[in-house]
Each structure stands twice: as C-alpha cells, then as structure tokens.
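Q: One structure follows; several queries about it will come next.
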Amino acid sequence: MELLLALFVVALIAGWVDAIGGGGGLLSIPALLWAGFTPLEALATNKLQASFGSSTATLNYTRHGLVDVKGQKLTIALTFLGAVCGTLLVQQIDAGVLEKAIPVLLMAFALYFLFSPKISDVDQQKSVSPLTFALGVGFTVGFYDGFFGPGAGTFFTMGYVALLGYGLPKATGNTKLLNFTSNITSLLFFALSGHIVWLAGLVMGVGQVIGSYLGSHMAVKHGTRLIRPVLVTVSLLVSLKLLLD
C-alpha cells in the first residue's frame with residue numbers, strides 16, 4: 001500500500017509538470033524502476049498512467065480553444081504510425097544510443113525557449129506546410145516517443161512554435177493531443193506484449209488525472225509566463241539526468 005501511495009504522489013506531480021511543459025516521465029519512469037519494475041515493465045506501465053494525464057490535459061486545453069483537432073488529422077495519423085514503429089523497435093533493441101544525442105538537443109531547445117523572441121502567447125506566420133510538419137515532427141517525434149520518450153513533449157512544442165508559428169499556449173495544447181496519440185498507441189502494443197503492471201498503472205493514472213487537470217488549468221490561466229520557465233527547467237533536468245545516467 002505504501003508503494004502504491006508513493007507512485008500515486010509521483011504521478012500527480014508528473015501529471016502537473018507534463019500538462020504544462022512535458023517531461024513527466026523524468027519523474028514517473030525512475031519511480032517505477034525504483035519500485036522494482038524491469039525496464040520494459042516501467043516503460044509499458046508509464047504509457048498506461050501517462051495516457052490518463054495526456055487525455056485529461058488534451059480535453060482541458062480543447063475546452064479552452066487551444067487544440068485544433070480537425071487541423072491536426074494528418075499529424076495525428078503520422079504520429080500514430082511513428083509511435084507504432086518506435087514501440088515495436090524498442091522491444092527488440094537497446095535505446096541507449098539515443099541517450100547520447102537527446103541531452104544536447106534538449107539543452108539547445110531550452111536556450112531557444114529561454115531567449116527566442118518568437119516565444120509568446122500570440123500566433124505568428126508558419127514556415128512549413130502541414131505535410132512537412134506531419135512528416136518531420138509528427139512521425140519523427142511519434143517514433144521517438146514510442147521508442148524512448150523523455151522530452152518528446154518538448155520536441156512537439158518546439159515544432160509547433162518554430163515551424164507553425166503557434167503561440168506557446170496553443171503549441172502546448174496541441175502537443176498534449178499528439179502526446180496522447182503516441183501514448184495510447186504505445187499502450188496498445190505494450191498491452192499485447194504483457195509488460196504492463198496494471199494495478200500500479202491505474203493507481204498512477206488517478207494521480208495523473210488530478211495533476212494534469214490542475215496543470216493545464218494553470219497553463220491556460222497564466223500562459224507563457226508559466227509555460228516558458230517550466231519548459232526550460234524540464235528540458236535542462238531531462239538533459240542532466242540523461243547525461244548523468
């Protein structure tokens with residue numbers, strides 16, 4: 001019971017962080033490994049609990065008009081396809097090679113979010129077509145999220161801001177939609193593989209719902225003033241963890 005309570009609290013905090021700036025896996029995956037799960041069990045169970053959080057945040061952002069579901073159909077489809085490929089591949093090979101490259105990218109993104117004048121609440125002009133975005137960001141980051149995961153939300157948000165010119169709150173809202181797509185896709189395949197620890201995942205899912213609800217409400221209310229520092233902090237912490245590991 002004490003272990004489940006600890007995982008619930010971790011999931012609540014992770015849900016809050018993830019709904020605002022992504023990176024909740026930085027807390028939840030180490031907690032699952034600490035609880036004695038194998039790496040594949042930790043990844044699979046994390047997808048279960050994260051699906052609760054990303055769906056809650058997506059619904060909340062949608063209610064506030066920050067998610068363009070119809071306009072994201074192609075990106076959703078290619079994110080789904082990428083997540084399928086990544087989830088199948090991670091069960092066959094070691095994801096360690098990504099641990100060397102991702103910290104550098106995340107640190108670069110943190111600096112971009114910190115200093116770029118394009119980071120605001122207001123939408124700007126897009127620089128790529130929807131098809132290019134769907135292939136370059138949807139499929140690629142979907143694959144990465146299914147294969148490895150840490151920082152995927154940051155990559156999605158970066159794509160929306162830098163390539164489609166979205167304001168940060170709108171970028172965050174649409175990021176949660178793609179996060180949910182890749183999470184639920186990976187979850188389906190992990191469920192078939194039998195690696196999910198259902199009780200722990202469902203208990204953590206309740207924590208995720210609470211944390212994601214609170215986090216997305218705060219992000220909608222405070223906008224870039226809250227989202228930017230959380231994104232920068234999470235990006236740097238994920239980078240530091242991967243480098244230390």
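Chain lettering (A, B, ...) mirrors the order of the structure tokens, residue numbering begins at 1 for each chain separately, and ligand numbering begins at 1 in order of display.
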Might you pull out every residue within 7 Å of range 163-178 of chain A, with only C-alpha atoms counted and same-chain residues fewer than 2 positions away left off, and present them as a compact mmCIF listing (two decimals) with N, CA and C atoms, in the first residue's frame?
A:
```txt
# COMPACT_ATOMS: atom_id res chain seq x y z
N SER A 54 -2.32 12.70 -20.36
CA SER A 54 -2.36 13.41 -21.64
C SER A 54 -3.79 13.57 -22.15
N ALA A 57 -5.36 16.47 -20.01
CA ALA A 57 -4.84 17.77 -20.43
C ALA A 57 -5.39 18.16 -21.81
N THR A 58 -5.46 17.18 -22.73
CA THR A 58 -5.98 17.46 -24.07
C THR A 58 -7.42 17.95 -24.01
N TYR A 61 -7.44 21.58 -22.53
CA TYR A 61 -6.97 22.57 -23.50
C TYR A 61 -7.98 22.74 -24.64
N LEU A 66 -7.71 25.77 -27.39
CA LEU A 66 -6.28 25.76 -27.68
C LEU A 66 -5.83 24.53 -28.45
N VAL A 67 -6.77 23.69 -28.89
CA VAL A 67 -6.43 22.49 -29.66
C VAL A 67 -7.22 22.49 -30.96
N ASP A 68 -6.52 22.37 -32.08
CA ASP A 68 -7.15 22.32 -33.39
C ASP A 68 -7.19 20.86 -33.86
N ILE A 76 -1.76 13.72 -36.57
CA ILE A 76 -2.17 12.65 -35.66
C ILE A 76 -1.92 11.28 -36.29
N THR A 79 1.81 10.66 -36.41
CA THR A 79 2.30 10.43 -35.05
C THR A 79 1.96 9.00 -34.61
N ILE A 119 8.82 33.32 -28.80
CA ILE A 119 8.07 32.65 -27.74
C ILE A 119 7.11 33.65 -27.11
N SER A 120 5.82 33.48 -27.36
CA SER A 120 4.82 34.39 -26.81
C SER A 120 3.47 33.71 -26.78
N ASP A 121 2.45 34.43 -26.39
CA ASP A 121 1.08 33.90 -26.39
C ASP A 121 0.42 34.05 -27.77
N VAL A 122 1.07 34.78 -28.68
CA VAL A 122 0.45 35.15 -29.95
C VAL A 122 0.98 34.26 -31.08
N ASP A 123 0.09 33.81 -31.97
CA ASP A 123 0.49 33.04 -33.14
C ASP A 123 1.24 33.92 -34.12
N GLN A 124 2.21 33.31 -34.84
CA GLN A 124 2.97 34.01 -35.86
C GLN A 124 2.89 33.22 -37.17
N GLN A 125 3.57 33.70 -38.20
CA GLN A 125 3.48 33.08 -39.51
C GLN A 125 4.19 31.74 -39.52
N LYS A 126 3.54 30.73 -40.15
CA LYS A 126 4.16 29.41 -40.24
C LYS A 126 5.19 29.39 -41.35
N SER A 127 6.17 28.47 -41.24
CA SER A 127 7.25 28.42 -42.22
C SER A 127 7.29 27.11 -43.00
N VAL A 128 6.43 26.14 -42.67
CA VAL A 128 6.39 24.87 -43.41
C VAL A 128 4.94 24.49 -43.68
N GLY A 153 7.48 15.74 -25.48
CA GLY A 153 6.59 16.90 -25.45
C GLY A 153 7.32 18.18 -25.83
N PHE A 156 7.69 18.21 -29.65
CA PHE A 156 6.43 18.58 -30.28
C PHE A 156 6.19 20.09 -30.17
N THR A 157 6.35 20.63 -28.96
CA THR A 157 6.12 22.06 -28.73
C THR A 157 7.07 22.91 -29.55
N GLY A 159 8.41 22.17 -32.37
CA GLY A 159 7.96 22.12 -33.76
C GLY A 159 6.81 23.07 -34.02
N TYR A 160 5.84 23.08 -33.11
CA TYR A 160 4.69 23.96 -33.29
C TYR A 160 5.08 25.44 -33.25
N VAL A 161 6.00 25.79 -32.36
CA VAL A 161 6.41 27.19 -32.24
C VAL A 161 7.31 27.61 -33.40
N PHE A 180 -0.96 12.34 -26.38
CA PHE A 180 -1.98 11.32 -26.14
C PHE A 180 -2.00 10.29 -27.25
N THR A 181 -1.85 10.75 -28.50
CA THR A 181 -1.83 9.82 -29.63
C THR A 181 -0.70 8.81 -29.51
N SER A 182 0.50 9.30 -29.22
CA SER A 182 1.64 8.38 -29.12
C SER A 182 1.55 7.51 -27.87
N VAL A 220 -3.41 27.49 -18.91
CA VAL A 220 -4.38 28.32 -19.62
C VAL A 220 -4.48 29.70 -18.96
N GLY A 223 -0.51 31.29 -19.14
CA GLY A 223 0.11 31.34 -20.46
C GLY A 223 1.62 31.21 -20.43
N THR A 224 2.28 32.00 -21.30
CA THR A 224 3.72 31.91 -21.49
C THR A 224 4.49 32.17 -20.21
```
Q: Rank A:Leu187, A:Cys85, A:Ala152, A:Ala200 by their smallest atom-to-atom distance to Gly24 in chain A, using only C-alpha atoms, and report the top residue only.
A: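 The shortest atom-to-atom distance to Gly24 in chain A comes from A:Ala152.
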Q: Out of A:Ser129, A:Thr140, A:Thr75, A:Thr154, which residue has the shortest atom-to-atom distance to Ile227 in chain A when counting only C-alpha atoms?
A: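 Smallest separation from Ile227 in chain A among the options: A:Thr154.
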Q: Of the residues A:Ala42, A:Val206, A:Met107, A:Ala35, which is the one nearest to Leu242 in chain A, using only C-alpha atoms?
A: A:Met107
